[in-house]
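Visitor: Below are the structure tokens for one structure; questions will follow.
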Amino acid sequence: MRVYTVDAFTDVAFKGNPAAVCLMDTPVPTAWMQAVAAEIGLSETAFLLGNSLRWFTPAVEVSLCGHATLATAHVLYSTGADGPLEFSTASGILSVNRTTDSMITMDFPAKEVTPITAPDGLENALGAIPVQVSQAKDDLLVELGAEEEVRTLSPDISALSRLPQRAVIVTAQGLSTDFVSRFFAPKVGVPEDPVTGSAHCALAPYWSARLGRTRMIGAQLSARGGMIQVTHRGDRVDLAGHAVTITSGELHA
């Protein structure tokens with residue numbers, strides 16, 4: 001079985017979000033895929049069989065992953081694929097295409113964002129005072145007052161894991177980009193994700209409503225950092241970015 005590691009949402013090696021991509025010839029047990037993801041240890045490992053795509057953190061299977069989808073498409077385009085791609089996933093059919101400048105664009109479902117009262121313990125867990133708190137499907141979306149607050153945030157990861165939501169997206173309006181963000185998901189084995197495509201399925205409609213435009217650029221301010229171009233289209237979001245192959249090899253287990 002061929003396996004690759006790819007840095008997604010970057011055009012520079014060792015930045016963006018690394019994902020593993022496993023190209024399968026035959027079905028394998030779910031427990032084996034989870035064991036491989038735990039062994040590799042990246043925030044996401046993608047498994048592709050035909051056009052069926054699944055994603056695993058080191059701890060659980062997830063229903064939607066942006067950077068590992070981008071990484072999978074990048075591997076396919078790098079090994080001879082051409083034209084639009086379609087992946088069958090737990091979140092439905094995801095369409096992907098490559099533009100002439102080698103940027104890959106993914107058509108993802110938008111997430112509804114609804115303002116809520118901040119859950120108990122949120123401010124202490126973040127070490128920051130929210131401007132707005134919203135529910136975005138299984139995740140919490142927290143707006144802070146300035147980009148620098150997001151950049152310098154040092155949350156209590158253990159306390160975040162005790163919140164009722166699956167993960168916490170922290171965001172603010174950007175200085176040189178439209179918005180910035182960080183993503184914390186200790187409940188699913190990812191204390192902080194470097195660049196999170198699925199979070200931008202909520203960030204795109206949120207900032208589109210705030211800024212009054214549909215096409216925007218988001219920067220994720222993790223230590224590795226990365227850039228995502230987003231286009232909000234009603235109940236869909238286009239996520240676009242580059243990717244770089246780092247390693248390729250074979251699985252023997």
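Going through the structure tokens in order, the chains are called A, B, and so on, while each chain numbers its residues from 1 and the ligands are numbered from 1 in the order shown.
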For the contact check between segment 29-103 of chain A and segment 209-228 of chain A, emit one row per residue of segment 29-103 of chain A within 12 Å, containing the shortest atom pair and the distance in Å rounded to one decimal, counting only C-alpha atoms, chain then rising number order, as CSV.
Guide:
```
residue,atom,partner,partner_atom,distance
A:Gly66,CA,A:Ile228,CA,10.2
A:His67,CA,A:Ile228,CA,10.0
A:Leu70,CA,A:Ile228,CA,11.1
A:Met103,CA,A:Ile228,CA,10.5
```
Visitor: Those residues with C-alpha atoms, as an mmCIF file, in the first residue's frame please?
Guide:
```
data_model
loop_
_atom_site.group_PDB
_atom_site.id
_atom_site.type_symbol
_atom_site.label_atom_id
_atom_site.label_comp_id
_atom_site.auth_asym_id
_atom_site.auth_seq_id
_atom_site.Cartn_x
_atom_site.Cartn_y
_atom_site.Cartn_z
ATOM 1 C CA GLY A 66 -10.168 19.664 4.802
ATOM 2 C CA HIS A 67 -6.402 19.391 4.852
ATOM 3 C CA LEU A 70 -6.473 18.526 -0.076
ATOM 4 C CA MET A 103 -4.015 25.572 -6.465
#
```
Visitor: Find the residues near Arg236 of chain A: any atom within 10 Å, counting only C-alpha atoms, skip ones fewer than 4 places away on the same chain, and give them as a PDB file with all heavy atoms, in the first residue's frame.
Guide:
```pdb
ATOM      1  N   ASP A 107     -14.974  21.734  -2.784  1.00  0.00           N
ATOM      2  CA  ASP A 107     -16.360  22.144  -2.567  1.00  0.00           C
ATOM      3  C   ASP A 107     -16.871  21.403  -1.332  1.00  0.00           C
ATOM      4  O   ASP A 107     -17.125  20.194  -1.373  1.00  0.00           O
ATOM      5  CB  ASP A 107     -17.181  21.801  -3.812  1.00  0.00           C
ATOM      6  CG  ASP A 107     -18.660  22.093  -3.647  1.00  0.00           C
ATOM      7  OD1 ASP A 107     -19.066  22.627  -2.597  1.00  0.00           O
ATOM      8  OD2 ASP A 107     -19.427  21.763  -4.572  1.00  0.00           O
ATOM      9  N   PHE A 108     -17.047  22.140  -0.210  1.00  0.00           N
ATOM     10  CA  PHE A 108     -17.416  21.553   1.065  1.00  0.00           C
ATOM     11  C   PHE A 108     -18.762  22.105   1.542  1.00  0.00           C
ATOM     12  O   PHE A 108     -19.179  23.190   1.126  1.00  0.00           O
ATOM     13  CB  PHE A 108     -16.352  21.867   2.124  1.00  0.00           C
ATOM     14  CG  PHE A 108     -15.232  20.868   2.207  1.00  0.00           C
ATOM     15  CD1 PHE A 108     -14.726  20.250   1.077  1.00  0.00           C
ATOM     16  CD2 PHE A 108     -14.667  20.551   3.426  1.00  0.00           C
ATOM     17  CE1 PHE A 108     -13.694  19.333   1.152  1.00  0.00           C
ATOM     18  CE2 PHE A 108     -13.636  19.633   3.530  1.00  0.00           C
ATOM     19  CZ  PHE A 108     -13.140  19.023   2.387  1.00  0.00           C
ATOM     20  N   PRO A 109     -19.433  21.380   2.434  1.00  0.00           N
ATOM     21  CA  PRO A 109     -20.671  21.913   3.028  1.00  0.00           C
ATOM     22  C   PRO A 109     -20.362  23.030   4.021  1.00  0.00           C
ATOM     23  O   PRO A 109     -19.420  22.932   4.808  1.00  0.00           O
ATOM     24  CB  PRO A 109     -21.272  20.700   3.734  1.00  0.00           C
ATOM     25  CG  PRO A 109     -20.101  19.812   4.034  1.00  0.00           C
ATOM     26  CD  PRO A 109     -19.133  20.018   2.904  1.00  0.00           C
ATOM     27  N   ALA A 110     -21.154  24.100   3.961  1.00  0.00           N
ATOM     28  CA  ALA A 110     -21.030  25.169   4.960  1.00  0.00           C
ATOM     29  C   ALA A 110     -21.652  24.709   6.273  1.00  0.00           C
ATOM     30  O   ALA A 110     -22.572  23.886   6.293  1.00  0.00           O
ATOM     31  CB  ALA A 110     -21.720  26.436   4.470  1.00  0.00           C
ATOM     32  N   LYS A 111     -21.146  25.246   7.377  1.00  0.00           N
ATOM     33  CA  LYS A 111     -21.693  24.939   8.695  1.00  0.00           C
ATOM     34  C   LYS A 111     -22.490  26.131   9.210  1.00  0.00           C
ATOM     35  O   LYS A 111     -22.019  27.271   9.164  1.00  0.00           O
ATOM     36  CB  LYS A 111     -20.566  24.610   9.683  1.00  0.00           C
ATOM     37  CG  LYS A 111     -19.834  23.313   9.378  1.00  0.00           C
ATOM     38  CD  LYS A 111     -18.788  23.015  10.438  1.00  0.00           C
ATOM     39  CE  LYS A 111     -18.060  21.700  10.154  1.00  0.00           C
ATOM     40  NZ  LYS A 111     -17.039  21.407  11.190  1.00  0.00           N
ATOM     41  N   CYS A 201     -15.264  25.894   7.131  1.00  0.00           N
ATOM     42  CA  CYS A 201     -16.657  25.719   6.709  1.00  0.00           C
ATOM     43  C   CYS A 201     -17.594  26.508   7.615  1.00  0.00           C
ATOM     44  O   CYS A 201     -18.725  26.818   7.226  1.00  0.00           O
ATOM     45  CB  CYS A 201     -17.035  24.244   6.737  1.00  0.00           C
ATOM     46  SG  CYS A 201     -16.157  23.246   5.530  1.00  0.00           S
ATOM     47  N   ALA A 204     -16.057  30.718   7.116  1.00  0.00           N
ATOM     48  CA  ALA A 204     -16.452  31.413   5.881  1.00  0.00           C
ATOM     49  C   ALA A 204     -17.829  32.071   6.010  1.00  0.00           C
ATOM     50  O   ALA A 204     -17.961  33.270   5.751  1.00  0.00           O
ATOM     51  CB  ALA A 204     -16.398  30.458   4.693  1.00  0.00           C
ATOM     52  N   PRO A 205     -18.874  31.346   6.414  1.00  0.00           N
ATOM     53  CA  PRO A 205     -20.165  32.033   6.567  1.00  0.00           C
ATOM     54  C   PRO A 205     -20.170  33.055   7.696  1.00  0.00           C
ATOM     55  O   PRO A 205     -20.832  34.100   7.591  1.00  0.00           O
ATOM     56  CB  PRO A 205     -21.157  30.892   6.840  1.00  0.00           C
ATOM     57  CG  PRO A 205     -20.339  29.723   7.231  1.00  0.00           C
ATOM     58  CD  PRO A 205     -19.013  29.886   6.564  1.00  0.00           C
ATOM     59  N   THR A 231     -14.564  30.829  -0.357  1.00  0.00           N
ATOM     60  CA  THR A 231     -15.680  31.475  -1.045  1.00  0.00           C
ATOM     61  C   THR A 231     -16.966  30.905  -0.473  1.00  0.00           C
ATOM     62  O   THR A 231     -17.195  29.683  -0.542  1.00  0.00           O
ATOM     63  CB  THR A 231     -15.640  31.229  -2.562  1.00  0.00           C
ATOM     64  OG1 THR A 231     -14.392  31.680  -3.089  1.00  0.00           O
ATOM     65  CG2 THR A 231     -16.773  31.967  -3.252  1.00  0.00           C
ATOM     66  N   HIS A 232     -17.778  31.766   0.121  1.00  0.00           N
ATOM     67  CA  HIS A 232     -19.039  31.324   0.708  1.00  0.00           C
ATOM     68  C   HIS A 232     -20.123  31.359  -0.347  1.00  0.00           C
ATOM     69  O   HIS A 232     -20.378  32.395  -0.958  1.00  0.00           O
ATOM     70  CB  HIS A 232     -19.401  32.230   1.896  1.00  0.00           C
ATOM     71  CG  HIS A 232     -20.670  31.829   2.572  1.00  0.00           C
ATOM     72  ND1 HIS A 232     -21.596  32.726   3.028  1.00  0.00           N
ATOM     73  CD2 HIS A 232     -21.164  30.596   2.865  1.00  0.00           C
ATOM     74  CE1 HIS A 232     -22.602  32.073   3.579  1.00  0.00           C
ATOM     75  NE2 HIS A 232     -22.369  30.791   3.485  1.00  0.00           N
TER      76      HIS A 232
END
```
Visitor: Which of these residues is nearest to Pro155 of chain A, using only C-alpha atoms: A:Ile93, A:Val21, A:Ile246, A:Leu122?
Guide: A:Leu122
Visitor: Pick out the residues sitting within 7 Å of Asp156 of chain A, and hand them over as a list in words; count only C-alpha atoms, and ignore anything fewer than 4 positions along from it in its own chain.
Guide: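 These residues fall inside the cut-off: Ala125, Leu126 and Leu160 of chain A.
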Visitor: Using backbone DSSP assignments, extract all helix (DSSP H, G or I) residues from segment 31-165 of chain A; output them as number ranges by chain.
Guide: A: 31-40, 66-78, 122-126, 147-152, 157-161
